[in-house]
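Asks: Sharing a structure here in structure tokens format.
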Amino acid sequence: MGKFYSKSKLSRDEEQDLLFDFCDAVSSIREPNEAAKFLRDLLSPQEIEMLAKRIKIAELLLDKWSYNRIREHLKVGESTIARISEWIKLTGDGYRLI
């Protein structure tokens with residue numbers, strides 16, 4: 001995903017408010033076709049693919065797939081799989097929720 005730079009840094013409270021506003025918007029989505037419309041407006045096709053692959057990698061890791069099997073199945077690099085594996089080990093609560 002591209003980086004967004006602002007001339008003035010938001011405070012922690014402002015960042016938190018934006019995050020919750022974003023989460024409210026996402027949680028209002030009720031159907032997969034609504035989610036697809038939202039994501040197509042919000043993200044580039046490459047960003048959608050990248051995020052979808054991250055979710056799938058996490059799912060497969062939680063299902064005990066090997067790195068090689070995931071790499072071949074999703075055409076991703078081992079470093080991507082390793083990074084997601086580390087996120088799952090450190091917390092992974094979000095991945096486990098979905």
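Please note that chains go A, B, ... in the order of the structure tokens, that every chain numbers its residues from 1, and that ligands are numbered from 1 in the order shown.
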Excluding same-chain residues fewer than 5 positions from Ile70 in chain A, what lies within 9 Å of it counting only C-alpha atoms, as an MDAnalysis selection string?
Replies: chainID A and resid 57 60:61 65 75:76 78 81
Asks: CA of Arg54 in chain A and CA of Asp13 in chain A are how many Å apart?
Replies: 28.2 Å
Asks: What lies within 12 Å of range 14-26 of chain A using only C-alpha atoms, ignoring chain neighbours under 6 positions off, as a PyMOL selection string?
Replies: chain A and resi 8+32+34-39+42
